[in-house]
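Visitor: Have a look at this one before I ask anything.
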Amino acid sequence: MHKRLILGVSVAVAGLLLARPSAQQQAPVNQPDDVQVRPIEPPVRPLPPEDRTAREKKFSFFAYGDTRSQGPARSGEPAPDGRVLQGPHSAVVDAMVAAAQRLASTQFPARFVVSSGDAVLYGPNGTMWNVSYVPLIDRLTRQAGLPFFFAVGNHDMTTRPIGDPEREHGLRNTLSAISKLLPPDGSPRRLDGYPTFAFGYGNAFFILLDSNIATDKKQLEWVTRQLDGLDRRRYHLVFAVFHHPPFDSGQHGGDLLEPASAAIRAVYLPLFRKHHVRMTITGHDHLLDHFVERYEDGGRAYRMDHLLSGGGGAPTYVYTGEPDLALYLKENASQNVRVEHLIKPGPAIADNPHHFTIIRVDGDKLSLEIVGTGAAPYLPYGMPRLDLN
Ligand SMILES: [Fe+2]
């Protein structure tokens, strides 16, 4: 195997806006078009206004990401996205609809879905959204009735910087797709013009941000203000949802540290520790990975789970190796930061089936259930439910 590129954090952060396009983004299939993206239908049961759910402390929500199709089978051929409904993603949606029905009569009904991005292969192509993605999410919002909250990925926005026409086209298409699902510009929970927003439900608060631009000052200031101003007597649990994982042992991780992930480590994790964010939910790698970061603050011990659940339908990946955390641990030694790799992806494609995650909130306690859509049962934690306390 050829030696993979290792980037230092500071170099990587500086180079974030210069990130190289992926092979698929260089392929001729990635053509923008002028097709208007149809908005996903609003949920049958919208999330109530924040102040009406303050007493809710028992519920579930679903997390997943990376639903895009593969690229074209051969150069010059069209990709599945833009031609057909996303097949593996459709199976995941079916499993979510069934899980929502199963949970409806329990103490922990499913209340909403969060996605960590990469909806379609090439975001500036409106046909891909309309043909392959939007009709599937309509099933979640109409059939299952669930609110749906989307954090943008690199395939949605491209890796171009803010203001670049290619990124702006991807942003326009993404915002059109989710226009009935996120707070509008001018809302206190929305960063105007950005796909960056927040919402609260019960004792849990969620921030969804654009990790393609993790070094963007305006976004960082907005997220900081949301956290600074948060009523922590109510919101005991804070979740951050975005695309690029801080720690990853799959195709995009191991001994490769991508610029956006390096930026998340350097820019956001210190902020998240300061505010005792309970969990990050990411994707980008098409598999399940889970790290636990432990640290001390003000003489108390804290835990932040980093869940990567990127098995939403894109071709799955495999374990490649452990990330190099030496520099990260050294830079954050003052808080006695330690990182445990709770579970690893498997070495073969068959070990990493498509899936989504059910996160159960029970007061201050969290637990996870992974729902696979493969032929064989998928129990990555070795048990049906994992408590995170
Ligand atoms: Fe991605």
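We label chains A, B, ... in the order they appear in the structure tokens, count residues from 1 in each chain, and number ligands from 1 in the order shown.
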Find the spatial neighbours of stretch 342-357 of chain A, counting only C-alpha atoms, within a cut-off of 8 Å - ignore same-chain residues fewer than 5 positions away - and output them as number ranges by chain.

Guide: A: 62-64, 88, 92, 96, 249-250, 287-292, 309-313, 316-320, 368-374, 378, 380-381

Visitor: Show me a table, sorted first by chain and then by increasing residue number, of the residues of chain A having an atom at most 9 Å from ligand 1, each with its shortest atom pair and the distance in Å to one decimal, counting only C-alpha atoms and all ligand atoms and written as CSV.

Guide:
```
residue,atom,partner,partner_atom_place_in_ligand_line,distance
A:Gly65,CA,ligand 1,1 (Fe),9.0
A:Asp66,CA,ligand 1,1 (Fe),6.8
A:Gly117,CA,ligand 1,1 (Fe),7.3
A:Asp118,CA,ligand 1,1 (Fe),5.6
A:Gly153,CA,ligand 1,1 (Fe),5.4
A:Asn154,CA,ligand 1,1 (Fe),5.0
A:His155,CA,ligand 1,1 (Fe),6.0
A:Asp156,CA,ligand 1,1 (Fe),8.6
A:His243,CA,ligand 1,1 (Fe),6.6
A:His244,CA,ligand 1,1 (Fe),7.0
A:His252,CA,ligand 1,1 (Fe),8.7
A:Gly283,CA,ligand 1,1 (Fe),6.9
A:His284,CA,ligand 1,1 (Fe),3.6
A:Asp285,CA,ligand 1,1 (Fe),6.7
A:His286,CA,ligand 1,1 (Fe),8.4
A:Gly310,CA,ligand 1,1 (Fe),8.9
```

Visitor: Excluding stretch 164-176 of chain A and its own-chain neighbours fewer than 5 positions away, which residues fall within 12 Å of it when counting only C-alpha atoms? Please give them as a PyMOL selection string.

Guide: chain A and resi 17+21+25+30-41+117-130+133-134+149-159+181-185+192-197+210+212-213

Visitor: Emit the selected residues as a CSV table (one decimal), in the first residue's frame, including C-alpha atoms.

Guide:
```csv
chain,number,residue,atom,x,y,z
A,17,LEU,CA,-9.7,26.3,1.8
A,21,PRO,CA,-11.2,18.0,-5.0
A,25,GLN,CA,-15.4,15.8,-8.2
A,30,ASN,CA,-20.2,16.4,-11.9
A,31,GLN,CA,-21.9,18.9,-14.0
A,32,PRO,CA,-23.9,21.7,-12.5
A,33,ASP,CA,-27.3,22.3,-14.0
A,34,ASP,CA,-30.0,25.0,-13.8
A,35,VAL,CA,-32.7,22.8,-12.4
A,36,GLN,CA,-34.5,24.3,-9.5
A,37,VAL,CA,-34.4,22.0,-6.4
A,38,ARG,CA,-37.8,21.1,-5.0
A,39,PRO,CA,-38.1,21.6,-1.3
A,40,ILE,CA,-38.5,18.5,0.9
A,41,GLU,CA,-42.1,18.4,2.2
A,117,GLY,CA,-24.6,15.5,5.1
A,118,ASP,CA,-23.5,14.3,1.7
A,119,ALA,CA,-27.0,13.9,0.4
A,120,VAL,CA,-26.1,13.6,-3.3
A,121,LEU,CA,-23.0,13.0,-5.4
A,122,TYR,CA,-22.7,16.6,-6.6
A,123,GLY,CA,-24.7,19.3,-4.9
A,124,PRO,CA,-24.7,21.9,-7.8
A,125,ASN,CA,-26.6,19.4,-9.9
A,126,GLY,CA,-30.3,20.0,-9.1
A,127,THR,CA,-31.5,16.9,-10.9
A,128,MET,CA,-29.6,14.7,-8.5
A,129,TRP,CA,-31.5,16.2,-5.6
A,130,ASN,CA,-34.9,16.1,-7.3
A,133,TYR,CA,-32.9,12.3,-2.7
A,134,VAL,CA,-35.8,14.7,-2.1
A,149,PHE,CA,-32.4,18.5,10.2
A,150,PHE,CA,-29.5,18.5,7.7
A,151,ALA,CA,-25.8,19.5,8.1
A,152,VAL,CA,-24.0,20.0,4.8
A,153,GLY,CA,-21.2,17.7,3.5
A,154,ASN,CA,-18.5,18.2,1.0
A,155,HIS,CA,-20.5,16.6,-1.8
A,156,ASP,CA,-23.3,19.0,-1.2
A,157,MET,CA,-21.3,22.2,-1.1
A,158,THR,CA,-18.1,21.1,-3.0
A,159,THR,CA,-14.7,21.9,-1.4
A,181,LEU,CA,-37.0,22.3,7.4
A,182,LEU,CA,-34.6,24.8,9.0
A,183,PRO,CA,-35.2,28.2,10.8
A,184,PRO,CA,-35.4,31.0,8.2
A,185,ASP,CA,-32.9,33.8,7.9
A,192,ASP,CA,-28.2,34.2,8.0
A,193,GLY,CA,-27.1,33.0,4.6
A,194,TYR,CA,-25.4,30.0,6.0
A,195,PRO,CA,-26.6,26.4,6.3
A,196,THR,CA,-25.8,26.8,10.0
A,197,PHE,CA,-28.5,26.6,12.6
A,210,ASP,CA,-20.8,23.6,8.0
A,212,ASN,CA,-16.4,22.5,5.0
A,213,ILE,CA,-15.7,26.0,6.4
```

Visitor: My list of candidates is A:Val277, A:Leu329, A:Asp216, A:Asn336. Which is closest to A:Ala301 when distances are computed with only C-alpha atoms?

Guide: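 Checking each of A:Val277, A:Leu329, A:Asp216, A:Asn336 against A:Ala301, counting only C-alpha atoms, the winner is A:Asn336.
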
Visitor: Per DSSP on the backbone, what are the strand (DSSP E or B) residues of stretch 51-135 of chain A, as a list in words?

Guide: Lys58, Phe59, Ser60, Phe61, Phe62, Ala63, Tyr64, Ala110, Arg111, Phe112, Val113, Val114 and Ser115 of chain A

Visitor: Save out the residues we just selected, N, CA and C atoms, as an mmCIF file, in the first residue's frame.

Guide:
```cif
data_model
loop_
_atom_site.group_PDB
_atom_site.id
_atom_site.type_symbol
_atom_site.label_atom_id
_atom_site.label_comp_id
_atom_site.auth_asym_id
_atom_site.auth_seq_id
_atom_site.Cartn_x
_atom_site.Cartn_y
_atom_site.Cartn_z
ATOM 1 N N LYS A 58 -37.584 12.369 27.828
ATOM 2 C CA LYS A 58 -37.513 10.983 27.350
ATOM 3 C C LYS A 58 -37.959 10.952 25.900
ATOM 4 N N PHE A 59 -37.050 10.658 25.026
ATOM 5 C CA PHE A 59 -37.383 10.562 23.601
ATOM 6 C C PHE A 59 -36.211 9.929 22.869
ATOM 7 N N SER A 60 -36.438 9.660 21.586
ATOM 8 C CA SER A 60 -35.363 9.140 20.727
ATOM 9 C C SER A 60 -35.219 10.053 19.521
ATOM 10 N N PHE A 61 -34.067 9.993 18.893
ATOM 11 C CA PHE A 61 -33.934 10.596 17.570
ATOM 12 C C PHE A 61 -33.001 9.734 16.739
ATOM 13 N N PHE A 62 -33.098 9.909 15.425
ATOM 14 C CA PHE A 62 -32.291 9.107 14.505
ATOM 15 C C PHE A 62 -31.139 9.955 13.961
ATOM 16 N N ALA A 63 -29.989 9.314 13.766
ATOM 17 C CA ALA A 63 -28.831 10.008 13.184
ATOM 18 C C ALA A 63 -28.242 9.153 12.076
ATOM 19 N N TYR A 64 -27.905 9.798 10.976
ATOM 20 C CA TYR A 64 -27.216 9.106 9.893
ATOM 21 C C TYR A 64 -26.643 10.142 8.927
ATOM 22 N N ALA A 110 -39.681 8.391 18.636
ATOM 23 C CA ALA A 110 -38.737 9.116 17.765
ATOM 24 C C ALA A 110 -39.319 10.492 17.462
ATOM 25 N N ARG A 111 -38.531 11.530 17.660
ATOM 26 C CA ARG A 111 -39.035 12.901 17.500
ATOM 27 C C ARG A 111 -38.493 13.615 16.265
ATOM 28 N N PHE A 112 -37.321 13.227 15.784
ATOM 29 C CA PHE A 112 -36.752 13.888 14.609
ATOM 30 C C PHE A 112 -35.551 13.092 14.107
ATOM 31 N N VAL A 113 -35.049 13.521 12.958
ATOM 32 C CA VAL A 113 -33.874 12.893 12.325
ATOM 33 C C VAL A 113 -32.811 13.970 12.126
ATOM 34 N N VAL A 114 -31.549 13.641 12.409
ATOM 35 C CA VAL A 114 -30.457 14.531 12.009
ATOM 36 C C VAL A 114 -29.583 13.808 10.985
ATOM 37 N N SER A 115 -29.185 14.563 9.959
ATOM 38 C CA SER A 115 -28.296 14.019 8.938
ATOM 39 C C SER A 115 -26.989 14.788 8.952
#
```

Visitor: Using Å and a single decimal, report how far atom CA of A:Ser211 sits from atom CA of A:Ser261.

Guide: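 The value is 8.0 Å.
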
Visitor: Mind the document's chain letters and residue numbers, and return as a PyMOL selection string the residues of stretch 231-358 of chain A that DSSP labels helix (DSSP H, G or I).

Guide: chain A and resi 259-274+326-331+333-335+349-351

Visitor: I need the residues from that last selection saved to file as a JSON list (two decimals), in the first residue's frame (with C-alpha atoms), if you can.

Guide:
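And here's out.json as it stands now:
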```json
[["chain", "number", "residue", "atom", "x", "y", "z"],
["A", 259, "PRO", "CA", -7.91, 19.56, 6.55],
["A", 260, "ALA", "CA", -11.55, 19.89, 7.63],
["A", 261, "SER", "CA", -11.12, 17.27, 10.37],
["A", 262, "ALA", "CA", -7.93, 19.00, 11.52],
["A", 263, "ALA", "CA", -9.82, 22.29, 11.65],
["A", 264, "ILE", "CA", -12.60, 20.72, 13.72],
["A", 265, "ARG", "CA", -10.01, 19.42, 16.19],
["A", 266, "ALA", "CA", -8.24, 22.76, 16.41],
["A", 267, "VAL", "CA", -11.15, 25.21, 16.25],
["A", 268, "TYR", "CA", -14.27, 23.51, 17.61],
["A", 269, "LEU", "CA", -13.25, 20.80, 20.07],
["A", 270, "PRO", "CA", -11.77, 23.30, 22.57],
["A", 271, "LEU", "CA", -15.04, 25.28, 22.35],
["A", 272, "PHE", "CA", -17.08, 22.10, 22.78],
["A", 273, "ARG", "CA", -15.05, 21.09, 25.83],
["A", 274, "LYS", "CA", -15.49, 24.55, 27.31],
["A", 326, "ALA", "CA", -0.11, 12.48, 19.77],
["A", 327, "LEU", "CA", -0.17, 16.18, 18.83],
["A", 328, "TYR", "CA", -3.82, 16.61, 19.81],
["A", 329, "LEU", "CA", -3.26, 15.04, 23.22],
["A", 330, "LYS", "CA", -0.13, 17.13, 23.77],
["A", 331, "GLU", "CA", -1.83, 20.38, 22.81],
["A", 333, "ALA", "CA", -2.78, 18.15, 28.05],
["A", 334, "SER", "CA", -3.83, 20.99, 30.37],
["A", 335, "GLN", "CA", -7.31, 19.43, 30.46],
["A", 349, "ILE", "CA", -16.90, -4.23, 3.32],
["A", 350, "ALA", "CA", -19.33, -6.86, 4.62],
["A", 351, "ASP", "CA", -18.40, -5.88, 8.20]]
```
